[in-house]
$ cat final.cif   # mmCIF, N, CA and C atoms
data_query
loop_
_atom_site.label_atom_id
_atom_site.label_comp_id
_atom_site.auth_asym_id
_atom_site.auth_seq_id
_atom_site.Cartn_x
_atom_site.Cartn_y
_atom_site.Cartn_z
N MET A 1 -27.00 21.95 -22.53
CA MET A 1 -27.47 22.12 -21.17
C MET A 1 -26.88 23.43 -20.63
N PRO A 2 -27.71 24.25 -20.04
CA PRO A 2 -27.21 25.52 -19.52
C PRO A 2 -26.17 25.29 -18.42
N ARG A 3 -25.29 26.26 -18.32
CA ARG A 3 -24.19 26.15 -17.36
C ARG A 3 -24.71 26.03 -15.92
N ALA A 4 -25.73 26.77 -15.57
CA ALA A 4 -26.27 26.72 -14.21
C ALA A 4 -26.80 25.32 -13.88
N ALA A 5 -27.40 24.65 -14.84
CA ALA A 5 -27.91 23.29 -14.62
C ALA A 5 -26.76 22.32 -14.41
N ARG A 6 -25.69 22.46 -15.19
CA ARG A 6 -24.53 21.58 -15.01
C ARG A 6 -23.89 21.77 -13.64
N ILE A 7 -23.79 23.02 -13.22
CA ILE A 7 -23.20 23.30 -11.91
C ILE A 7 -24.10 22.72 -10.81
N SER A 8 -25.40 22.85 -10.96
CA SER A 8 -26.33 22.31 -9.96
C SER A 8 -26.20 20.79 -9.87
N ILE A 9 -26.12 20.14 -11.00
CA ILE A 9 -25.97 18.68 -11.01
C ILE A 9 -24.65 18.28 -10.36
N PHE A 10 -23.59 19.00 -10.68
CA PHE A 10 -22.29 18.71 -10.09
C PHE A 10 -22.33 18.88 -8.57
N LEU A 11 -22.91 19.96 -8.09
CA LEU A 11 -22.98 20.19 -6.65
C LEU A 11 -23.84 19.14 -5.96
N PHE A 12 -24.92 18.75 -6.60
CA PHE A 12 -25.79 17.71 -6.03
C PHE A 12 -25.04 16.38 -5.92
N ALA A 13 -24.31 16.03 -6.98
CA ALA A 13 -23.53 14.79 -6.96
C ALA A 13 -22.44 14.85 -5.90
N LEU A 14 -21.82 16.01 -5.75
CA LEU A 14 -20.80 16.18 -4.72
C LEU A 14 -21.40 16.03 -3.33
N LEU A 15 -22.58 16.56 -3.14
CA LEU A 15 -23.27 16.44 -1.85
C LEU A 15 -23.57 14.98 -1.55
N LEU A 16 -24.06 14.23 -2.54
CA LEU A 16 -24.36 12.81 -2.34
C LEU A 16 -23.10 12.02 -2.00
N THR A 17 -22.02 12.31 -2.68
CA THR A 17 -20.77 11.62 -2.41
C THR A 17 -20.29 11.90 -1.00
N GLY A 18 -20.38 13.11 -0.56
CA GLY A 18 -19.95 13.48 0.78
C GLY A 18 -20.76 12.79 1.85
N THR A 19 -22.05 12.62 1.65
CA THR A 19 -22.87 11.96 2.66
C THR A 19 -22.58 10.46 2.71
N ALA A 20 -22.14 9.88 1.60
CA ALA A 20 -21.82 8.46 1.61
C ALA A 20 -20.57 8.19 2.44
N PHE A 21 -19.65 9.15 2.47
CA PHE A 21 -18.40 8.93 3.19
C PHE A 21 -18.42 9.48 4.61
N ALA A 22 -19.25 10.46 4.88
CA ALA A 22 -19.29 11.06 6.21
C ALA A 22 -20.47 10.50 6.98
N GLN A 23 -20.29 9.31 7.53
CA GLN A 23 -21.35 8.65 8.27
C GLN A 23 -20.95 8.54 9.73
N ASN A 24 -21.96 8.39 10.57
CA ASN A 24 -21.60 8.11 11.95
C ASN A 24 -21.18 6.65 12.04
N PRO A 25 -20.48 6.28 13.10
CA PRO A 25 -19.93 4.92 13.18
C PRO A 25 -20.98 3.81 13.07
N ALA A 26 -22.14 4.00 13.69
CA ALA A 26 -23.18 2.96 13.62
C ALA A 26 -23.65 2.73 12.18
N GLU A 27 -23.81 3.82 11.43
CA GLU A 27 -24.21 3.69 10.02
C GLU A 27 -23.12 3.01 9.20
N ALA A 28 -21.87 3.38 9.46
CA ALA A 28 -20.76 2.78 8.73
C ALA A 28 -20.71 1.27 8.99
N LYS A 29 -20.89 0.87 10.25
CA LYS A 29 -20.86 -0.55 10.58
C LYS A 29 -22.03 -1.28 9.92
N ARG A 30 -23.22 -0.71 10.02
CA ARG A 30 -24.40 -1.33 9.42
C ARG A 30 -24.24 -1.47 7.91
N ASN A 31 -23.78 -0.40 7.25
CA ASN A 31 -23.59 -0.46 5.80
C ASN A 31 -22.47 -1.43 5.42
N GLY A 32 -21.43 -1.48 6.23
CA GLY A 32 -20.34 -2.41 5.97
C GLY A 32 -20.78 -3.85 6.10
N GLU A 33 -21.58 -4.14 7.12
CA GLU A 33 -22.06 -5.51 7.30
C GLU A 33 -23.05 -5.91 6.21
N ARG A 34 -23.86 -4.97 5.76
CA ARG A 34 -24.77 -5.27 4.64
C ARG A 34 -23.98 -5.55 3.38
N ALA A 35 -22.98 -4.72 3.11
CA ALA A 35 -22.16 -4.92 1.92
C ALA A 35 -21.40 -6.25 2.02
N PHE A 36 -20.91 -6.58 3.20
CA PHE A 36 -20.20 -7.85 3.40
C PHE A 36 -21.13 -9.02 3.13
N ALA A 37 -22.33 -8.97 3.66
CA ALA A 37 -23.30 -10.05 3.47
C ALA A 37 -23.67 -10.20 1.98
N SER A 38 -23.64 -9.10 1.25
CA SER A 38 -23.96 -9.12 -0.18
C SER A 38 -22.73 -9.36 -1.06
N GLU A 39 -21.59 -9.59 -0.41
CA GLU A 39 -20.32 -9.83 -1.11
C GLU A 39 -19.92 -8.65 -1.99
N ARG A 40 -20.25 -7.45 -1.55
CA ARG A 40 -19.78 -6.23 -2.22
C ARG A 40 -18.53 -5.80 -1.45
N TRP A 41 -17.41 -6.42 -1.82
CA TRP A 41 -16.19 -6.34 -1.01
C TRP A 41 -15.61 -4.94 -0.92
N ARG A 42 -15.64 -4.17 -1.99
CA ARG A 42 -15.09 -2.80 -1.94
C ARG A 42 -15.88 -1.94 -0.97
N ASP A 43 -17.20 -2.00 -1.07
CA ASP A 43 -18.04 -1.22 -0.15
C ASP A 43 -17.85 -1.69 1.28
N ALA A 44 -17.81 -3.00 1.47
CA ALA A 44 -17.62 -3.55 2.81
C ALA A 44 -16.31 -3.05 3.40
N GLN A 45 -15.24 -3.11 2.62
CA GLN A 45 -13.94 -2.66 3.10
C GLN A 45 -13.98 -1.18 3.45
N MET A 46 -14.59 -0.37 2.61
CA MET A 46 -14.64 1.07 2.84
C MET A 46 -15.41 1.40 4.12
N PHE A 47 -16.62 0.85 4.25
CA PHE A 47 -17.44 1.17 5.42
C PHE A 47 -16.87 0.59 6.71
N LEU A 48 -16.36 -0.64 6.65
CA LEU A 48 -15.80 -1.24 7.85
C LEU A 48 -14.53 -0.53 8.29
N ALA A 49 -13.74 -0.04 7.34
CA ALA A 49 -12.55 0.74 7.69
C ALA A 49 -12.94 2.05 8.35
N GLN A 50 -14.02 2.67 7.87
CA GLN A 50 -14.52 3.90 8.52
C GLN A 50 -14.91 3.61 9.96
N TYR A 51 -15.62 2.51 10.16
CA TYR A 51 -16.04 2.15 11.52
C TYR A 51 -14.83 1.87 12.38
N GLN A 52 -13.87 1.11 11.86
CA GLN A 52 -12.67 0.75 12.61
C GLN A 52 -11.90 1.99 13.02
N GLU A 53 -11.85 2.97 12.14
CA GLU A 53 -11.14 4.21 12.45
C GLU A 53 -11.82 4.97 13.59
N ALA A 54 -13.15 4.97 13.59
CA ALA A 54 -13.90 5.69 14.61
C ALA A 54 -13.98 4.91 15.92
N LYS A 55 -14.12 3.60 15.84
CA LYS A 55 -14.31 2.75 17.02
C LYS A 55 -13.39 1.53 16.92
N PRO A 56 -12.11 1.70 17.17
CA PRO A 56 -11.18 0.58 17.00
C PRO A 56 -11.40 -0.54 18.02
N GLY A 57 -11.03 -1.75 17.61
CA GLY A 57 -11.01 -2.86 18.55
C GLY A 57 -12.15 -3.86 18.44
N ASP A 58 -13.07 -3.70 17.52
CA ASP A 58 -14.17 -4.65 17.35
C ASP A 58 -13.62 -5.82 16.51
N PHE A 59 -13.42 -6.97 17.16
CA PHE A 59 -12.78 -8.10 16.48
C PHE A 59 -13.64 -8.64 15.33
N GLY A 60 -14.95 -8.57 15.44
CA GLY A 60 -15.82 -9.00 14.35
C GLY A 60 -15.63 -8.13 13.13
N VAL A 61 -15.52 -6.83 13.34
CA VAL A 61 -15.30 -5.90 12.24
C VAL A 61 -13.90 -6.12 11.65
N LEU A 62 -12.91 -6.32 12.50
CA LEU A 62 -11.55 -6.56 12.00
C LEU A 62 -11.50 -7.83 11.15
N THR A 63 -12.22 -8.86 11.58
CA THR A 63 -12.25 -10.11 10.81
C THR A 63 -12.90 -9.87 9.45
N LYS A 64 -14.04 -9.20 9.43
CA LYS A 64 -14.72 -8.93 8.15
C LYS A 64 -13.89 -8.02 7.27
N LEU A 65 -13.18 -7.10 7.88
CA LEU A 65 -12.30 -6.23 7.11
C LEU A 65 -11.18 -7.05 6.47
N GLY A 66 -10.61 -7.98 7.22
CA GLY A 66 -9.58 -8.85 6.67
C GLY A 66 -10.11 -9.73 5.55
N ILE A 67 -11.29 -10.28 5.73
CA ILE A 67 -11.88 -11.13 4.69
C ILE A 67 -12.19 -10.31 3.44
N SER A 68 -12.71 -9.10 3.63
CA SER A 68 -12.99 -8.23 2.48
C SER A 68 -11.71 -7.92 1.71
N LEU A 69 -10.65 -7.61 2.43
CA LEU A 69 -9.37 -7.34 1.77
C LEU A 69 -8.86 -8.57 1.04
N TYR A 70 -9.03 -9.73 1.63
CA TYR A 70 -8.64 -10.99 0.98
C TYR A 70 -9.41 -11.16 -0.34
N GLN A 71 -10.70 -10.91 -0.30
CA GLN A 71 -11.53 -11.05 -1.50
C GLN A 71 -11.15 -10.03 -2.57
N LEU A 72 -10.59 -8.89 -2.15
CA LEU A 72 -10.14 -7.87 -3.09
C LEU A 72 -8.70 -8.13 -3.57
N ARG A 73 -8.16 -9.30 -3.19
CA ARG A 73 -6.82 -9.72 -3.57
C ARG A 73 -5.74 -8.80 -3.00
N ARG A 74 -5.99 -8.34 -1.79
CA ARG A 74 -5.01 -7.52 -1.06
C ARG A 74 -4.52 -8.36 0.13
N GLY A 75 -3.83 -9.44 -0.23
CA GLY A 75 -3.48 -10.49 0.72
C GLY A 75 -2.65 -10.06 1.91
N GLU A 76 -1.65 -9.22 1.69
CA GLU A 76 -0.79 -8.82 2.81
C GLU A 76 -1.56 -8.00 3.84
N GLU A 77 -2.39 -7.09 3.36
CA GLU A 77 -3.22 -6.30 4.29
C GLU A 77 -4.19 -7.22 5.03
N ALA A 78 -4.80 -8.13 4.30
CA ALA A 78 -5.76 -9.06 4.90
C ALA A 78 -5.07 -9.89 5.97
N ARG A 79 -3.89 -10.38 5.67
CA ARG A 79 -3.14 -11.21 6.62
C ARG A 79 -2.89 -10.46 7.92
N ARG A 80 -2.52 -9.19 7.83
CA ARG A 80 -2.25 -8.41 9.05
C ARG A 80 -3.48 -8.36 9.95
N TYR A 81 -4.64 -8.09 9.36
CA TYR A 81 -5.87 -8.03 10.16
C TYR A 81 -6.20 -9.39 10.76
N LEU A 82 -6.14 -10.42 9.92
CA LEU A 82 -6.55 -11.75 10.38
C LEU A 82 -5.57 -12.33 11.40
N GLU A 83 -4.29 -12.09 11.22
CA GLU A 83 -3.32 -12.56 12.21
C GLU A 83 -3.49 -11.83 13.55
N TYR A 84 -3.81 -10.55 13.48
CA TYR A 84 -4.04 -9.78 14.71
C TYR A 84 -5.23 -10.37 15.48
N VAL A 85 -6.33 -10.61 14.77
CA VAL A 85 -7.51 -11.18 15.43
C VAL A 85 -7.21 -12.58 15.95
N ALA A 86 -6.51 -13.39 15.17
CA ALA A 86 -6.18 -14.75 15.60
C ALA A 86 -5.31 -14.73 16.85
N ALA A 87 -4.41 -13.75 16.96
CA ALA A 87 -3.55 -13.65 18.14
C ALA A 87 -4.33 -13.18 19.37
N LYS A 88 -5.26 -12.27 19.16
CA LYS A 88 -6.02 -11.72 20.29
C LYS A 88 -7.18 -12.62 20.72
N VAL A 89 -7.76 -13.32 19.76
CA VAL A 89 -8.90 -14.21 20.03
C VAL A 89 -8.57 -15.57 19.42
N PRO A 90 -7.74 -16.36 20.11
CA PRO A 90 -7.25 -17.62 19.51
C PRO A 90 -8.35 -18.61 19.15
N ASP A 91 -9.47 -18.59 19.84
CA ASP A 91 -10.55 -19.54 19.53
C ASP A 91 -11.49 -19.03 18.46
N SER A 92 -11.16 -17.92 17.81
CA SER A 92 -11.98 -17.38 16.73
C SER A 92 -11.84 -18.27 15.50
N GLN A 93 -12.96 -18.80 15.04
CA GLN A 93 -12.94 -19.66 13.86
C GLN A 93 -12.87 -18.83 12.59
N ASP A 94 -13.47 -17.65 12.61
CA ASP A 94 -13.55 -16.83 11.40
C ASP A 94 -12.20 -16.29 10.96
N SER A 95 -11.41 -15.82 11.91
CA SER A 95 -10.16 -15.16 11.52
C SER A 95 -9.14 -16.13 10.98
N GLY A 96 -9.14 -17.36 11.46
CA GLY A 96 -8.11 -18.31 11.07
C GLY A 96 -8.39 -19.09 9.81
N PHE A 97 -9.59 -18.98 9.26
CA PHE A 97 -9.91 -19.86 8.14
C PHE A 97 -9.13 -19.51 6.87
N LEU A 98 -8.63 -18.29 6.75
CA LEU A 98 -7.86 -17.92 5.57
C LEU A 98 -6.36 -18.01 5.79
N LEU A 99 -5.95 -18.16 7.04
CA LEU A 99 -4.52 -18.23 7.32
C LEU A 99 -4.01 -19.65 7.11
N PRO A 100 -2.81 -19.78 6.58
CA PRO A 100 -2.28 -21.14 6.37
C PRO A 100 -2.03 -21.82 7.70
N ARG A 101 -2.30 -23.08 7.73
CA ARG A 101 -2.07 -23.88 8.93
C ARG A 101 -0.86 -24.77 8.69
N PRO A 102 -0.09 -25.04 9.74
CA PRO A 102 1.03 -25.96 9.55
C PRO A 102 0.51 -27.36 9.26
N HIS A 103 1.20 -28.07 8.39
CA HIS A 103 0.82 -29.43 8.07
C HIS A 103 1.22 -30.35 9.22
N PRO A 104 0.40 -31.32 9.51
CA PRO A 104 0.80 -32.27 10.56
C PRO A 104 2.00 -33.07 10.09
N ALA A 105 2.78 -33.48 11.04
CA ALA A 105 3.99 -34.26 10.70
C ALA A 105 3.56 -35.58 10.06
N ARG A 106 4.26 -35.95 9.02
CA ARG A 106 3.95 -37.22 8.34
C ARG A 106 4.72 -38.36 9.02
N PRO A 107 4.03 -39.47 9.22
CA PRO A 107 4.77 -40.61 9.79
C PRO A 107 5.75 -41.16 8.75
N ARG A 108 6.85 -41.67 9.23
CA ARG A 108 7.87 -42.23 8.31
C ARG A 108 7.78 -43.71 8.26
#
$ encode --input "final.cif" --output "structure tokens"
Amino acid sequence: MPRAARISIFLFALLLTGTAFAQNPAEAKRNGERAFASERWRDAQMFLAQYQEAKPGDFGVLTKLGISLYQLRRGEEARRYLEYVAAKVPDSQDSGFLLPRPHPARPR
């Protein structure tokens, strides 16, 4: 393969990679939620983290980010996100489902 063709392919691939990572927040959230729904945890984590960085404070995104991290076996990171959401939104069912619950006292 001629050198010019290899360079062209490399530059094209680099351009595609850059557009995947440089998205506006709405696209990042939409792509993250699609990846989450499809259980593509790495993509979900990447896109939702991009959205969170641009627009912090969306508890739904934080919950999905925590769940994605949990599915990627990154438990400590997942716990931080999920505990934060559980503390800020105590009636949230989604954030607490992965956190351990205290056992009820056993009668003697």
$ select_by_dssp --input "final.cif" --residues "region 9-82 of chain A" --states "helix (DSSP H, G or I)" --output "MDAnalysis selection string"
chainID A and resid 9:21 25:37 41:54 59:71 75:82
$ resolve_selection --input "final.cif" --expression "the PyMOL selection byres ((chain A and resi 65) around 7)" --output "number ranges by chain"
A: 44-45, 48-49, 60-64, 66-70, 78, 81-82
$ atom_distance --input "final.cif" --atom1 "atom N of Glu76 (chain A)" --atom2 "atom C of Lys29 (chain A)"
23.4 Å
$ closest_residue --input "final.cif" --among "A:Lys88, A:Arg42, A:Pro56, A:Gln50" --to "Arg30 (chain A)" --atoms "only C-alpha atoms"
A:Gln50
$ atom_distance --input "final.cif" --atom1 "atom C of Leu72 (chain A)" --atom2 "atom C of Tyr51 (chain A)"
19.8 Å
$ resolve_selection --input "final.cif" --expression "the PyMOL selection byres ((chain A and resi 32-34) around 7)" --output "JSON, numbers by chain"
{"A": [27, 28, 29, 30, 31, 35, 36, 37, 38, 39, 40, 43, 44, 45, 46, 47, 48]}
$ axis_aligned_box --input "final.cif" --around "region 55-67 of chain A" --padding-each-side "8 Å" --output "lines of an AutoDock Vina configuration file"
center_x = -12.7
center_y = -3.8
center_z = 11.0
size_x = 22.2
size_y = 30.7
size_z = 31.1
